[in-house]
$ cat structure_4.cif   # mmCIF, C-alpha atoms
data_data
#
loop_
_atom_site.group_PDB
_atom_site.id
_atom_site.type_symbol
_atom_site.label_atom_id
_atom_site.label_comp_id
_atom_site.auth_asym_id
_atom_site.auth_seq_id
_atom_site.Cartn_x
_atom_site.Cartn_y
_atom_site.Cartn_z
ATOM 1 C CA MET A 1 102.435 54.740 65.550
ATOM 2 C CA VAL A 2 102.276 50.927 65.690
ATOM 3 C CA ASN A 3 100.393 49.469 68.627
ATOM 4 C CA LEU A 4 102.660 46.590 69.649
ATOM 5 C CA SER A 5 100.119 45.185 72.099
ATOM 6 C CA SER A 6 97.452 45.067 69.418
ATOM 7 C CA SER A 7 99.925 43.580 66.977
ATOM 8 C CA ARG A 8 100.839 40.892 69.497
ATOM 9 C CA ARG A 9 97.193 39.987 70.012
ATOM 10 C CA VAL A 10 96.787 39.504 66.281
ATOM 11 C CA CYS A 11 99.844 37.238 66.206
ATOM 12 C CA LYS A 12 98.532 35.221 69.120
ATOM 13 C CA SER A 13 95.190 34.862 67.371
ATOM 14 C CA GLU A 14 96.997 33.457 64.357
ATOM 15 C CA LEU A 15 99.132 31.129 66.476
ATOM 16 C CA LYS A 16 96.420 29.957 68.851
ATOM 17 C CA ASP A 17 95.010 27.353 66.485
ATOM 18 C CA ARG A 18 98.425 25.875 65.756
ATOM 19 C CA GLU A 19 99.865 22.824 67.456
ATOM 20 C CA LEU A 20 102.529 23.718 69.975
ATOM 21 C CA PRO A 21 106.102 23.366 68.646
ATOM 22 C CA ARG A 22 107.874 20.127 69.483
ATOM 23 C CA PHE A 23 110.364 21.773 71.846
ATOM 24 C CA ILE A 24 107.488 23.176 73.946
ATOM 25 C CA ARG A 25 105.748 19.794 74.080
ATOM 26 C CA ASP A 26 109.032 18.193 75.153
ATOM 27 C CA LEU A 27 109.498 20.889 77.796
ATOM 28 C CA LEU A 28 106.011 20.320 79.209
ATOM 29 C CA SER A 29 106.512 16.556 79.334
ATOM 30 C CA ALA A 30 109.586 16.771 81.580
ATOM 31 C CA PRO A 31 109.142 19.154 84.531
ATOM 32 C CA PRO A 32 111.876 18.866 87.174
ATOM 33 C CA ALA A 33 111.176 17.801 90.733
ATOM 34 C CA ARG A 34 110.709 20.280 93.563
ATOM 35 C CA GLY A 35 114.187 21.363 94.628
ATOM 36 C CA ALA A 36 115.626 20.696 91.173
ATOM 37 C CA GLY A 37 114.608 23.944 89.484
ATOM 38 C CA LEU A 38 110.823 23.666 89.295
ATOM 39 C CA ASN A 39 110.217 27.381 89.911
ATOM 40 C CA GLN A 40 112.618 28.359 87.131
ATOM 41 C CA TRP A 41 110.991 25.769 84.896
ATOM 42 C CA PHE A 42 107.583 27.444 85.406
ATOM 43 C CA PHE A 43 109.029 30.782 84.265
ATOM 44 C CA ARG A 44 110.768 29.214 81.286
ATOM 45 C CA ALA A 45 107.702 27.246 80.165
ATOM 46 C CA ALA A 46 105.352 30.202 80.623
ATOM 47 C CA ARG A 47 107.684 32.424 78.596
ATOM 48 C CA VAL A 48 107.496 30.231 75.493
ATOM 49 C CA LEU A 49 103.747 29.593 75.884
ATOM 50 C CA HIS A 50 102.702 33.257 75.798
ATOM 51 C CA PRO A 51 102.557 33.483 71.980
ATOM 52 C CA TYR A 52 100.263 30.443 71.849
ATOM 53 C CA ARG A 53 97.990 30.700 74.888
ATOM 54 C CA ASP A 54 96.238 33.278 77.042
ATOM 55 C CA PRO A 55 97.461 33.614 80.663
ATOM 56 C CA GLU A 56 94.576 31.560 82.098
ATOM 57 C CA GLU A 57 95.262 28.778 79.604
ATOM 58 C CA ILE A 58 98.980 28.821 80.392
ATOM 59 C CA ILE A 59 98.212 28.411 84.090
ATOM 60 C CA SER A 60 96.002 25.399 83.305
ATOM 61 C CA VAL A 61 98.659 23.835 81.059
ATOM 62 C CA LEU A 62 101.393 24.216 83.697
ATOM 63 C CA ARG A 63 99.178 22.785 86.426
ATOM 64 C CA ALA A 64 98.353 19.790 84.239
ATOM 65 C CA ALA A 65 102.032 19.212 83.477
ATOM 66 C CA THR A 66 102.986 19.150 87.186
ATOM 67 C CA ILE A 67 100.199 17.030 88.661
ATOM 68 C CA GLY A 68 101.353 15.590 91.961
ATOM 69 C CA ALA A 69 104.100 18.166 92.571
ATOM 70 C CA HIS A 70 104.099 20.183 95.800
ATOM 71 C CA LEU A 71 103.375 23.700 94.578
ATOM 72 C CA GLN A 72 103.790 26.970 96.408
ATOM 73 C CA PRO A 73 100.669 29.185 96.545
ATOM 74 C CA GLY A 74 100.569 31.455 93.504
ATOM 75 C CA GLU A 75 103.920 30.383 92.032
ATOM 76 C CA ILE A 76 102.488 29.419 88.655
ATOM 77 C CA GLU A 77 100.471 32.639 88.469
ATOM 78 C CA ARG A 78 103.568 34.693 89.313
ATOM 79 C CA ALA A 79 105.636 32.873 86.688
ATOM 80 C CA VAL A 80 103.016 33.574 84.033
ATOM 81 C CA GLU A 81 102.747 37.245 85.020
ATOM 82 C CA ASN A 82 106.497 37.870 85.346
ATOM 83 C CA SER A 83 107.389 36.116 82.094
ATOM 84 C CA ALA A 84 104.969 38.126 79.981
ATOM 85 C CA ALA A 85 107.414 41.036 79.614
ATOM 86 C CA VAL A 86 110.056 38.740 78.125
ATOM 87 C CA ALA A 87 107.707 36.419 76.231
ATOM 88 C CA TRP A 88 109.331 34.421 73.496
ATOM 89 C CA GLN A 89 108.774 35.743 69.981
ATOM 90 C CA PRO A 90 108.564 32.945 67.382
ATOM 91 C CA GLY A 91 110.956 33.482 64.531
ATOM 92 C CA ARG A 92 113.558 35.243 66.649
ATOM 93 C CA PRO A 93 116.573 33.261 67.912
ATOM 94 C CA SER A 94 116.675 32.390 71.589
ATOM 95 C CA HIS A 95 119.070 30.194 73.497
ATOM 96 C CA SER A 96 116.887 29.942 76.597
ATOM 97 C CA THR A 97 114.264 27.684 74.997
ATOM 98 C CA SER A 98 116.546 24.718 74.394
ATOM 99 C CA LEU A 99 116.091 21.691 76.632
ATOM 100 C CA PRO A 100 118.910 19.538 77.930
ATOM 101 C CA LYS A 101 119.118 16.994 75.151
ATOM 102 C CA TRP A 102 118.651 13.299 75.611
ATOM 103 C CA PRO A 103 121.943 11.483 75.040
ATOM 104 C CA PRO A 104 122.846 9.864 71.723
ATOM 105 C CA VAL A 105 123.030 6.103 71.469
ATOM 106 C CA ASN A 106 126.163 4.819 73.193
ATOM 107 C CA VAL A 107 127.252 2.139 70.737
ATOM 108 C CA ARG A 108 129.978 0.814 73.028
ATOM 109 C CA LEU A 109 127.534 0.412 75.926
ATOM 110 C CA VAL A 110 124.956 -1.234 73.657
ATOM 111 C CA GLN A 111 127.517 -3.728 72.396
ATOM 112 C CA SER A 112 128.596 -4.485 75.948
ATOM 113 C CA VAL A 113 125.025 -5.157 77.094
ATOM 114 C CA ILE A 114 123.886 -7.241 74.138
ATOM 115 C CA GLY A 115 127.218 -9.062 74.212
ATOM 116 C CA SER A 116 126.132 -10.696 77.462
ATOM 117 C CA GLY A 117 124.393 -13.342 75.373
ATOM 118 C CA SER A 118 120.987 -12.807 76.971
ATOM 119 C CA GLY A 119 117.935 -12.782 74.736
ATOM 120 C CA LEU A 120 114.196 -13.132 74.548
ATOM 121 C CA ALA A 121 114.233 -16.708 75.856
ATOM 122 C CA ASP A 122 116.166 -15.583 78.939
ATOM 123 C CA LEU A 123 113.673 -12.793 79.613
ATOM 124 C CA TYR A 124 110.815 -15.306 79.452
ATOM 125 C CA GLU A 125 112.613 -17.849 81.627
ATOM 126 C CA GLN A 126 113.312 -15.236 84.304
ATOM 127 C CA SER A 127 109.632 -14.240 84.489
ATOM 128 C CA PRO A 128 108.309 -14.985 88.010
ATOM 129 C CA LEU A 129 104.845 -15.579 86.536
ATOM 130 C CA GLN A 130 104.520 -17.318 83.190
ATOM 131 C CA PHE A 131 101.503 -17.848 80.971
ATOM 132 C CA CYS A 132 101.845 -21.170 79.194
ATOM 133 C CA ASP A 133 98.557 -21.277 77.289
ATOM 134 C CA ASN A 134 97.392 -19.370 74.244
ATOM 135 C CA LYS A 135 94.586 -17.524 76.002
ATOM 136 C CA PRO A 136 94.808 -13.746 76.504
ATOM 137 C CA HIS A 137 95.487 -12.782 80.128
ATOM 138 C CA THR A 138 94.866 -9.074 79.680
ATOM 139 C CA GLU A 139 92.282 -8.814 82.454
ATOM 140 C CA GLU A 140 94.515 -10.521 85.021
ATOM 141 C CA VAL A 141 97.522 -8.417 84.073
ATOM 142 C CA ILE A 142 95.673 -5.088 84.212
ATOM 143 C CA ASP A 143 94.121 -6.061 87.571
ATOM 144 C CA ARG A 144 97.619 -6.496 88.976
ATOM 145 C CA LEU A 145 99.034 -3.335 87.394
ATOM 146 C CA PHE A 146 96.310 -0.799 88.262
ATOM 147 C CA PRO A 147 94.163 -0.144 91.345
ATOM 148 C CA CYS A 148 90.631 -1.491 90.900
ATOM 149 C CA ASP A 149 89.066 1.990 90.900
ATOM 150 C CA SER A 150 91.396 3.374 88.211
ATOM 151 C CA LEU A 151 90.352 5.361 85.181
ATOM 152 C CA ILE A 152 92.231 3.913 82.243
ATOM 153 C CA CYS A 153 92.628 5.124 78.663
ATOM 154 C CA CYS A 154 92.509 2.388 76.008
ATOM 155 C CA ALA A 155 92.570 2.594 72.239
ATOM 156 C CA SER A 156 91.930 0.486 69.180
ATOM 157 C CA SER A 157 94.014 3.022 67.237
ATOM 158 C CA LYS A 158 95.808 6.292 67.958
ATOM 159 C CA VAL A 159 92.696 8.197 66.894
ATOM 160 C CA LYS A 160 90.012 5.923 68.370
ATOM 161 C CA PHE A 161 90.254 5.821 72.162
ATOM 162 C CA ALA A 162 88.264 6.218 75.359
ATOM 163 C CA THR A 163 88.904 6.836 79.058
ATOM 164 C CA ARG A 164 86.664 4.721 81.267
ATOM 165 C CA PRO A 165 86.546 3.224 84.783
ATOM 166 C CA ARG A 166 88.432 -0.032 84.825
ATOM 167 C CA GLU A 167 85.330 -2.092 85.723
ATOM 168 C CA SER A 168 83.338 -0.794 82.766
ATOM 169 C CA LEU A 169 85.993 -2.285 80.473
ATOM 170 C CA ARG A 170 86.101 -5.713 82.094
ATOM 171 C CA GLY A 171 86.050 -8.486 79.557
ATOM 172 C CA LYS A 172 86.876 -6.117 76.689
ATOM 173 C CA LEU A 173 90.530 -5.225 77.215
ATOM 174 C CA SER A 174 92.103 -7.935 75.057
ATOM 175 C CA LYS A 175 90.437 -6.389 71.999
ATOM 176 C CA PHE A 176 92.393 -3.137 72.408
ATOM 177 C CA GLN A 177 95.906 -2.656 71.064
ATOM 178 C CA LEU A 178 96.940 0.444 73.056
ATOM 179 C CA ILE A 179 96.792 1.758 76.618
ATOM 180 C CA VAL A 180 98.197 4.702 78.582
ATOM 181 C CA PRO A 181 100.443 3.117 81.251
ATOM 182 C CA ASN A 182 99.396 5.625 83.916
ATOM 183 C CA PRO A 183 95.953 6.078 85.500
ATOM 184 C CA MET A 184 93.890 8.995 84.254
ATOM 185 C CA ILE A 185 92.552 11.630 86.664
ATOM 186 C CA SER A 186 89.457 12.615 84.680
ATOM 187 C CA ARG A 187 87.451 11.479 81.673
ATOM 188 C CA THR A 188 88.637 14.426 79.588
ATOM 189 C CA GLY A 189 91.305 17.114 79.495
ATOM 190 C CA ARG A 190 92.679 19.795 77.228
ATOM 191 C CA THR A 191 95.279 18.763 74.674
ATOM 192 C CA LEU A 192 98.325 20.956 74.140
ATOM 193 C CA ASP A 193 96.572 22.510 71.145
ATOM 194 C CA GLY A 194 93.517 23.381 73.254
ATOM 195 C CA ARG A 195 91.078 20.634 72.232
ATOM 196 C CA LEU A 196 88.966 18.706 74.750
ATOM 197 C CA SER A 197 89.920 15.036 74.572
ATOM 198 C CA GLU A 198 89.762 11.771 76.508
ATOM 199 C CA HIS A 199 93.477 11.318 75.785
ATOM 200 C CA SER A 200 95.654 14.237 76.826
ATOM 201 C CA LEU A 201 98.526 15.036 79.130
ATOM 202 C CA ALA A 202 96.124 17.175 81.161
ATOM 203 C CA ASN A 203 93.917 14.235 82.192
ATOM 204 C CA THR A 204 96.823 11.821 82.709
ATOM 205 C CA GLY A 205 97.773 11.283 86.343
ATOM 206 C CA LYS A 206 101.114 10.798 88.031
ATOM 207 C CA ARG A 207 103.565 8.269 86.670
ATOM 208 C CA ARG A 208 102.902 4.709 87.741
ATOM 209 C CA PHE A 209 104.953 3.037 85.038
ATOM 210 C CA LEU A 210 107.755 4.197 82.772
ATOM 211 C CA VAL A 211 107.600 2.106 79.615
ATOM 212 C CA ILE A 212 110.819 1.516 77.720
ATOM 213 C CA GLU A 213 110.244 0.613 74.092
ATOM 214 C CA PHE A 214 112.404 0.382 70.997
ATOM 215 C CA ASP A 215 111.995 1.340 67.366
ATOM 216 C CA PRO A 216 114.645 -0.493 65.344
ATOM 217 C CA ALA A 217 115.429 0.556 61.803
ATOM 218 C CA LYS A 218 113.052 -0.819 59.199
ATOM 219 C CA TRP A 219 114.276 -3.691 57.093
ATOM 220 C CA ALA A 220 113.663 -1.651 53.939
ATOM 221 C CA ASP A 221 115.988 1.088 55.237
ATOM 222 C CA LEU A 222 118.965 -1.190 55.900
ATOM 223 C CA ARG A 223 122.037 -1.103 53.700
ATOM 224 C CA PRO A 224 122.607 -4.163 51.503
ATOM 225 C CA VAL A 225 125.532 -5.245 53.676
ATOM 226 C CA GLU A 226 123.307 -5.153 56.780
ATOM 227 C CA ARG A 227 120.608 -7.207 55.078
ATOM 228 C CA ALA A 228 123.200 -9.734 53.990
ATOM 229 C CA GLU A 229 124.431 -9.990 57.574
ATOM 230 C CA HIS A 230 120.989 -11.079 58.827
ATOM 231 C CA GLY A 231 119.877 -13.014 55.792
ATOM 232 C CA SER A 232 116.173 -12.274 56.022
ATOM 233 C CA GLU A 233 113.692 -9.793 57.499
ATOM 234 C CA ASP A 234 112.416 -12.329 60.047
ATOM 235 C CA ARG A 235 115.929 -13.080 61.271
ATOM 236 C CA TYR A 236 116.701 -9.380 61.527
ATOM 237 C CA TYR A 237 113.722 -8.611 63.764
ATOM 238 C CA THR A 238 114.332 -11.755 65.808
ATOM 239 C CA ALA A 239 117.875 -10.523 66.476
ATOM 240 C CA LYS A 240 116.572 -7.075 67.409
ATOM 241 C CA ARG A 241 114.065 -8.509 69.887
ATOM 242 C CA ASP A 242 116.864 -10.526 71.493
ATOM 243 C CA GLU A 243 118.940 -7.357 71.818
ATOM 244 C CA GLN A 244 116.024 -5.470 73.352
ATOM 245 C CA ALA A 245 115.420 -8.274 75.853
ATOM 246 C CA ALA A 246 119.074 -8.122 76.904
ATOM 247 C CA ILE A 247 118.790 -4.358 77.418
ATOM 248 C CA LEU A 248 115.611 -4.736 79.492
ATOM 249 C CA LEU A 249 117.314 -7.316 81.706
ATOM 250 C CA TYR A 250 120.217 -4.887 82.140
ATOM 251 C CA LEU A 251 117.864 -2.043 83.072
ATOM 252 C CA ALA A 252 116.007 -4.361 85.456
ATOM 253 C CA GLN A 253 119.127 -4.275 87.630
ATOM 254 C CA GLN A 254 118.469 -0.566 88.173
ATOM 255 C CA ALA A 255 114.664 -0.400 88.422
ATOM 256 C CA PRO A 256 111.813 -2.873 89.074
ATOM 257 C CA LEU A 257 110.701 -4.477 85.814
ATOM 258 C CA ALA A 258 107.038 -5.408 86.183
ATOM 259 C CA LEU A 259 106.137 -6.437 82.657
ATOM 260 C CA ALA A 260 107.529 -7.042 79.177
ATOM 261 C CA VAL A 261 105.205 -7.188 76.183
ATOM 262 C CA ASN A 262 105.882 -8.338 72.637
ATOM 263 C CA SER A 263 104.450 -5.586 70.447
ATOM 264 C CA GLY A 264 103.235 -8.151 67.948
ATOM 265 C CA GLY A 265 105.685 -6.633 65.523
ATOM 266 C CA LYS A 266 109.328 -5.712 65.869
ATOM 267 C CA SER A 267 109.851 -4.674 69.502
ATOM 268 C CA ILE A 268 109.550 -5.518 73.183
ATOM 269 C CA HIS A 269 108.051 -3.021 75.649
ATOM 270 C CA GLY A 270 109.325 -3.046 79.235
ATOM 271 C CA TRP A 271 107.086 -1.639 82.004
ATOM 272 C CA PHE A 272 109.099 -0.354 84.989
ATOM 273 C CA PHE A 273 107.159 0.421 88.161
ATOM 274 C CA CYS A 274 108.021 3.942 89.297
ATOM 275 C CA GLU A 275 105.127 5.349 91.323
ATOM 276 C CA GLY A 276 106.413 7.817 93.925
ATOM 277 C CA CYS A 277 109.925 7.981 92.460
ATOM 278 C CA ASP A 278 111.728 11.304 92.149
ATOM 279 C CA GLU A 279 111.295 12.675 88.630
ATOM 280 C CA SER A 280 114.946 13.679 88.315
ATOM 281 C CA LEU A 281 116.058 10.119 89.096
ATOM 282 C CA LEU A 282 113.565 8.766 86.585
ATOM 283 C CA ARG A 283 114.953 11.106 83.962
ATOM 284 C CA GLN A 284 118.442 9.752 84.616
ATOM 285 C CA PHE A 285 117.083 6.219 84.196
ATOM 286 C CA MET A 286 115.349 7.220 80.973
ATOM 287 C CA ALA A 287 118.562 8.804 79.724
ATOM 288 C CA THR A 288 120.363 5.489 80.270
ATOM 289 C CA ALA A 289 117.635 3.666 78.356
ATOM 290 C CA ILE A 290 117.842 6.137 75.475
ATOM 291 C CA ALA A 291 121.627 5.738 75.382
ATOM 292 C CA LEU A 292 120.895 2.036 74.919
ATOM 293 C CA GLY A 293 118.590 2.708 71.986
ATOM 294 C CA ALA A 294 115.175 3.200 73.614
ATOM 295 C CA ASP A 295 112.567 5.433 72.000
ATOM 296 C CA ARG A 296 112.419 8.795 73.822
ATOM 297 C CA THR A 297 108.654 9.181 73.252
ATOM 298 C CA GLY A 298 108.081 6.795 76.150
ATOM 299 C CA TRP A 299 108.979 9.628 78.541
ATOM 300 C CA THR A 300 105.641 11.373 77.921
ATOM 301 C CA ARG A 301 103.162 10.340 80.639
ATOM 302 C CA SER A 302 100.238 10.139 78.206
ATOM 303 C CA GLN A 303 102.080 8.128 75.531
ATOM 304 C CA PHE A 304 100.154 5.098 74.258
ATOM 305 C CA VAL A 305 101.935 1.737 74.572
ATOM 306 C CA ARG A 306 100.947 -1.784 73.613
ATOM 307 C CA MET A 307 98.133 -3.383 75.626
ATOM 308 C CA PRO A 308 99.457 -6.465 77.479
ATOM 309 C CA ASP A 309 98.037 -9.520 75.693
ATOM 310 C CA GLY A 310 95.973 -7.181 73.535
ATOM 311 C CA THR A 311 95.328 -7.491 69.834
ATOM 312 C CA ARG A 312 97.283 -5.510 67.268
ATOM 313 C CA ASP A 313 95.434 -3.949 64.335
ATOM 314 C CA ASN A 314 96.753 -6.722 62.069
ATOM 315 C CA GLY A 315 95.332 -9.393 64.395
ATOM 316 C CA ALA A 316 98.667 -10.296 66.011
ATOM 317 C CA ARG A 317 98.668 -10.996 69.737
ATOM 318 C CA GLN A 318 100.783 -8.711 71.924
ATOM 319 C CA ALA A 319 101.992 -11.504 74.171
ATOM 320 C CA VAL A 320 103.265 -11.054 77.712
ATOM 321 C CA ILE A 321 106.893 -12.215 77.837
ATOM 322 C CA PHE A 322 107.749 -11.275 81.431
ATOM 323 C CA PHE A 323 105.460 -10.609 84.397
ATOM 324 C CA HIS A 324 106.531 -9.764 87.941
ATOM 325 C CA PRO A 325 103.425 -8.374 89.665
ATOM 326 C CA GLU A 326 105.029 -8.480 93.113
ATOM 327 C CA VAL A 327 107.098 -5.373 92.367
ATOM 328 C CA VAL A 328 103.873 -3.367 91.892
ATOM 329 C CA ILE A 329 102.972 -2.041 95.324
#

$ encode --input "structure_4.cif" --output "structure tokens"
Amino acid sequence: MVNLSSSRRVCKSELKDRELPRFIRDLLSAPPARGAGLNQWFFRAARVLHPYRDPEEIISVLRAATIGAHLQPGEIERAVENSAAVAWQPGRPSHSTSLPKWPPVNVRLVQSVIGSGSGLADLYEQSPLQFCDNKPHTEEVIDRLFPCDSLICCASSKVKFATRPRESLRGKLSKFQLIVPNPMISRTGRTLDGRLSEHSLANTGKRRFLVIEFDPAKWADLRPVERAEHGSEDRYYTAKRDEQAAILLYLAQQAPLALAVNSGGKSIHGWFFCEGCDESLLRQFMATAIALGADRTGWTRSQFVRMPDGTRDNGARQAVIFFHPEVVI
């Protein structure tokens, strides 16, 4: 007789060291608000986590993913316990694990928005606060974006990072190229694959900013006819930055745009202040941005973005294009 429980433990042992599948990471990054299906979400998330984590670890992961939500006593524990009997089995088809998909790019809407004629120069001209010198203003910008007692996570690369009190980093921020746009709640937390790290979803606090960024096609990947249309690589990326600026100005009519940063490469990052906003409304806003060509990875609370007026790894300055600190309250 085969002991299914023992067999399942062996499978879990084999799976435990693996990184969580992408659909689970996406699920954990987008919990619904209370009243919009949060309790069902706990059951659904716990169900697909069972093959990869022990019950105590699942509880910790779900708590980390819903920081700031009003939870009912014992609801996560009940979801973990009740879902065990119908735990997902990797390799077997299941329709219940699929997330509502982000929308595809709406080409007609994109053309309508970029057809307004707005561009990077317009975004700069509409900035309530402008920096006219060539000095980095990273310290001033971060002081206006984050409370003075914040823990912030900064990085010189995606694998070299640290979470520190804001004051301990004073005078050093312009040397970094990346930052998590939300305050951290602790120096370390568990990553989704179980490692202790200073950069994880578990030690990232509630959303303060939702950063909309873009990842245009690489010049080398364009068809010959598209290259001919732009003439050169520089002109192509200049046109793309103008389009992105027009989209950010369009989105700024729907949410408070606090900051826009030139990545020092091919894109503009828009920081929208969203602290205290309902998560379901934010998801609708993000869906609009994605339909306009935004990168969906910006939805993850712990996602690194470009440090305002920081220094890219190639030495390029990540200049502030737009700054409206008054919307940050």

$ atom_distance --input "structure_4.cif" --atom1 "atom CA of Arg25 of chain A" --atom2 "atom CA of Cys274 of chain A"
22.1 Å

$ residues_around --input "structure_4.cif" --residues "Asp242 of chain A" --least-positions-apart "5" --cutoff "10 Å" --atoms "all atoms listed in the file" --output "short mmCIF file (atom, residue, chain, number, x, y, z; two decimals) with C-alpha atoms, keeping the file's coordinate frame"
data_model
loop_
_atom_site.label_atom_id
_atom_site.label_comp_id
_atom_site.auth_asym_id
_atom_site.auth_seq_id
_atom_site.Cartn_x
_atom_site.Cartn_y
_atom_site.Cartn_z
CA ILE A 114 123.89 -7.24 74.14
CA GLY A 117 124.39 -13.34 75.37
CA SER A 118 120.99 -12.81 76.97
CA GLY A 119 117.94 -12.78 74.74
CA LEU A 120 114.20 -13.13 74.55
CA ALA A 121 114.23 -16.71 75.86
CA ASP A 122 116.17 -15.58 78.94
CA LEU A 123 113.67 -12.79 79.61
CA TYR A 237 113.72 -8.61 63.76
CA ILE A 247 118.79 -4.36 77.42
CA LEU A 248 115.61 -4.74 79.49
CA SER A 267 109.85 -4.67 69.50
CA ILE A 268 109.55 -5.52 73.18
#

$ residues_around --input "structure_4.cif" --residues "Ser200 of chain A" --least-positions-apart "5" --cutoff "9 Å" --atoms "only C-alpha atoms" --output "count of residues only"
7

$ resolve_selection --input "structure_4.cif" --expression "the PyMOL selection byres ((chain A and resi 324) around 9)" --output "number ranges by chain"
A: 127-129, 256-259, 322-323, 325-328

$ write_last_selection --input "structure_4.cif" --atoms "C-alpha atoms" --output "short mmCIF file (atom, residue, chain, number, x, y, z; two decimals), keeping the file's coordinate frame"
data_model
loop_
_atom_site.label_atom_id
_atom_site.label_comp_id
_atom_site.auth_asym_id
_atom_site.auth_seq_id
_atom_site.Cartn_x
_atom_site.Cartn_y
_atom_site.Cartn_z
CA SER A 127 109.63 -14.24 84.49
CA PRO A 128 108.31 -14.98 88.01
CA LEU A 129 104.84 -15.58 86.54
CA PRO A 256 111.81 -2.87 89.07
CA LEU A 257 110.70 -4.48 85.81
CA ALA A 258 107.04 -5.41 86.18
CA LEU A 259 106.14 -6.44 82.66
CA PHE A 322 107.75 -11.28 81.43
CA PHE A 323 105.46 -10.61 84.40
CA PRO A 325 103.42 -8.37 89.66
CA GLU A 326 105.03 -8.48 93.11
CA VAL A 327 107.10 -5.37 92.37
CA VAL A 328 103.87 -3.37 91.89
#

$ atom_distance --input "structure_4.cif" --atom1 "atom CA of Asp149 of chain A" --atom2 "atom CA of Pro165 of chain A"
6.7 Å

$ atom_distance --input "structure_4.cif" --atom1 "atom CA of Phe146 of chain A" --atom2 "atom CA of Asp309 of chain A"
15.4 Å

$ resolve_selection --input "structure_4.cif" --expression "the PyMOL selection byres ((chain A and resi 85) around 12)" --output "ChimeraX atom specification"
/A:5,43,46-48,50-51,79-84,86-89

$ closest_atom_pairs --input "structure_4.cif" --of "segment 56-165 of chain A" --to "segment 31-42 of chain A" --cutoff "10 Å" --atoms "only C-alpha atoms" --output "tab-separated table"
residue	atom	partner	partner_atom	distance
A:Ile59	CA	A:Phe42	CA	9.5
A:Leu62	CA	A:Phe42	CA	7.2
A:Arg63	CA	A:Phe42	CA	9.7
A:Ala65	CA	A:Pro31	CA	7.2
A:Thr66	CA	A:Pro31	CA	6.7
A:Ala69	CA	A:Arg34	CA	7.0
A:His70	CA	A:Arg34	CA	7.0
A:Leu71	CA	A:Arg34	CA	8.2
A:Gln72	CA	A:Asn39	CA	9.1
A:Glu75	CA	A:Asn39	CA	7.3
A:Ile76	CA	A:Phe42	CA	6.4
A:Glu77	CA	A:Phe42	CA	9.3
A:Arg78	CA	A:Phe42	CA	9.2
A:Ala79	CA	A:Phe42	CA	5.9
A:Val80	CA	A:Phe42	CA	7.8
A:Ser83	CA	A:Phe42	CA	9.3

$ axis_aligned_box --input "structure_4.cif" --around "segment 192-206 of chain A" --padding-each-side "4 Å" --output "lines of an AutoDock Vina configuration file"
center_x = 95.0
center_y = 17.1
center_z = 79.6
size_x = 20.1
size_y = 20.6
size_z = 24.9

$ resolve_selection --input "structure_4.cif" --expression "the PyMOL selection byres ((chain A and resi 155) around 12)" --output "PyMOL selection string"
chain A and resi 152-154+156-164+169+172-181+198-199+303-307+310-313

$ decode --input "structure_4.cif" --residues "segment 106-117 of chain A" --atoms "N, CA and C atoms" --output "mmCIF file, in the first residue's frame"
data_model
loop_
_atom_site.group_PDB
_atom_site.id
_atom_site.type_symbol
_atom_site.label_atom_id
_atom_site.label_comp_id
_atom_site.auth_asym_id
_atom_site.auth_seq_id
_atom_site.Cartn_x
_atom_site.Cartn_y
_atom_site.Cartn_z
ATOM 1 N N ASN A 106 -3.647 48.403 -25.587
ATOM 2 C CA ASN A 106 -4.740 48.932 -26.395
ATOM 3 C C ASN A 106 -4.145 49.928 -27.392
ATOM 4 N N VAL A 107 -3.837 49.451 -28.572
ATOM 5 C CA VAL A 107 -3.120 50.261 -29.560
ATOM 6 C C VAL A 107 -3.892 51.529 -29.900
ATOM 7 N N ARG A 108 -5.212 51.407 -30.009
ATOM 8 C CA ARG A 108 -6.019 52.585 -30.351
ATOM 9 C C ARG A 108 -5.936 53.645 -29.257
ATOM 10 N N LEU A 109 -5.995 53.204 -27.988
ATOM 11 C CA LEU A 109 -5.890 54.150 -26.876
ATOM 12 C C LEU A 109 -4.500 54.778 -26.839
ATOM 13 N N VAL A 110 -3.466 53.969 -27.051
ATOM 14 C CA VAL A 110 -2.102 54.492 -27.061
ATOM 15 C C VAL A 110 -1.957 55.569 -28.125
ATOM 16 N N GLN A 111 -2.443 55.284 -29.322
ATOM 17 C CA GLN A 111 -2.327 56.253 -30.410
ATOM 18 C C GLN A 111 -3.078 57.536 -30.098
ATOM 19 N N SER A 112 -4.222 57.394 -29.430
ATOM 20 C CA SER A 112 -5.004 58.570 -29.062
ATOM 21 C C SER A 112 -4.250 59.442 -28.065
ATOM 22 N N VAL A 113 -3.618 58.791 -27.075
ATOM 23 C CA VAL A 113 -2.909 59.541 -26.032
ATOM 24 C C VAL A 113 -1.648 60.191 -26.579
ATOM 25 N N ILE A 114 -0.838 59.443 -27.295
ATOM 26 C CA ILE A 114 0.412 60.024 -27.795
ATOM 27 C C ILE A 114 0.149 60.986 -28.947
ATOM 28 N N GLY A 115 -1.042 60.887 -29.533
ATOM 29 C CA GLY A 115 -1.408 61.816 -30.606
ATOM 30 C C GLY A 115 -1.735 63.203 -30.109
ATOM 31 N N SER A 116 -1.769 63.369 -28.784
ATOM 32 C CA SER A 116 -2.049 64.692 -28.213
ATOM 33 C C SER A 116 -0.940 65.682 -28.513
ATOM 34 N N GLY A 117 0.247 65.162 -28.851
ATOM 35 C CA GLY A 117 1.367 66.042 -29.161
ATOM 36 C C GLY A 117 2.245 66.349 -27.970
#
